[in-house]
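Heads up, the thing below is written out as structure tokens.
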Amino acid sequence: MMRRPVDIGDPDRLYTVTGGRSRADDPFDLVTLVVSECEPSPGMQSEHARILDLCRHPTAVVEIAAEMKLPITVVRILLGDLLTTGHITARHPRAAKSVASLPDSALLQEVLHGLRHL
């Protein structure tokens, strides 16, 4: 199967959408869940309004980028704008707890051994 190149959009349009910025101020993981805190307002940038519509329910950053057909970098910049103005909230994935709180490897070995003998 031949892979098609990813369409990253017209560079002039992307420059305009981001106001010339190339990096987001807030680091959003691909799986960070974004939720709208308000409805789009009149005069709002169309991409911001679209994100607010998409995020009425928790939506991952990668899903937003796919729906909008925009590069992740551009979406992160737009999300940073919305987060700064309080239009969205972001729920970052929970990091794994410390290694000390994970199950003991001896216990995991016993469970694995028991499963093999079922």
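Each chain in the structure tokens gets a letter, A, B and so on, in the order shown; residues start at 1 in every chain, and ligands are counted from 1 in the order they appear.
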Among region 28-95 of chain A, which residues carry a DSSP assignment of helix (DSSP H, G or I), reported as a ChimeraX atom specification?
/A:46-54,61-68,72-84
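Picture a line from CA of Pro58 (chain A) to CA of Thr89 (chain A); it runs 9.4 Å.
Of note, CA of Cys38 (chain A) and CA of Leu52 (chain A) are spaced 7.4 Å apart.
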Which polymer residues have any atom within 12 Å of an atom of Leu82 (chain A), counting only C-alpha atoms, with same-chain residues fewer than 3 positions away left out, as JSON, numbers by chain?
{"A": [24, 25, 26, 34, 35, 36, 37, 38, 39, 40, 44, 45, 47, 48, 49, 50, 51, 52, 55, 75, 76, 77, 78, 79, 85, 86, 87, 88, 89, 90]}
Which one of A:Leu83, A:Phe28, A:Pro93, A:Ser46 sits closest to Val61 (chain A) if you count only C-alpha atoms?
A:Phe28
To one decimal place, how far is CA of Arg91 (chain A) from CA of Lys69 (chain A) in Å?
22.3 Å
